[in-house]
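Chemist: One structure coming up, written as structure tokens, with questions to follow.
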Amino acid sequence: MATFELYRRSTIGTCLTETLDELVSSGAVSPELAIQVLVQFDKSMTDALESQVKSKVNIKGHLHTYRFCDNVWTFILTDATFKSEEISETLGKVKIVACDSKLLLPPQP
């Protein structure tokens with residue numbers, strides 16, 4: 001299954017990347033192993049979000065900027081309100097990156 005590298009820019013992805021860089025620099029792990037760990041991280045994040053997240057959120061805000069490039073949508077919202085069944089949160093500025101999940105599926109024979 002193909003995966004996107006989007007989650008590497010999340011907080012946990014950034015921390016993992018920094019830690020792997022330190023381990024490679026100190027010689028504790030090889031660069032090849034670090035790459036394998038990142039590829040597995042990409043797969044695991046995709047699988048976890050597909051199978052374990054069941055919540056739905058409504059988003060309202062002012063669309064500041066949008067872009068569609070290489071099958072990836074990027075939206076910048078200002079004064080965005082996220083509402084779920086349990087909570088409502090308003091943020092001054094939000095960047096949303098969305099990819100077509102069909103691109104992750106293996107080709108059909």
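Each chain in the structure tokens gets a letter, A, B and so on, in the order shown; residues start at 1 in every chain, and ligands are counted from 1 in the order they appear.
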Name the residues of chain A that come out as helix (DSSP H, G or I) in a backbone DSSP run; write them as a PyMOL selection string.
Modeler: chain A and resi 6-9+11-26+31-52+101-104
Chemist: I need the residues of region 37-99 of chain A that end up classed as strand (DSSP E) by DSSP on the backbone, written out as a PyMOL selection string.
Modeler: chain A and resi 58-69+72-83+88-99
Chemist: Might you pull out every residue within 8 Å of Gly61 (chain A), with only C-alpha atoms counted and same-chain residues fewer than 3 positions away left off, and present them as a list of chain:residue names?
Modeler: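 The residues satisfying every condition are A:Leu77, A:Thr78, A:Asp79, A:Ala80, A:Thr81.
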Chemist: Smallest atom-to-atom distance to Val37 (chain A): which of A:Thr19, A:Cys69, A:Ser25, A:Lys95, using only C-alpha atoms?
Modeler: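 So, comparing all the options, the nearest one is A:Thr19.
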Chemist: Which one is closest to Arg67 (chain A): A:Leu16, A:Ala28, A:Gln40, A:Val97? Count only C-alpha atoms.
Modeler: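 Nearest candidate to Arg67 (chain A) out of A:Leu16, A:Ala28, A:Gln40, A:Val97: A:Val97.
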Chemist: Do you know which residues are at most 6 Å from Phe75 (chain A) counting only C-alpha atoms, after dropping those on the same chain fewer than 2 positions away, and could you put them as an NGL selection string?
Modeler: :A and (65-66 or 95-96)
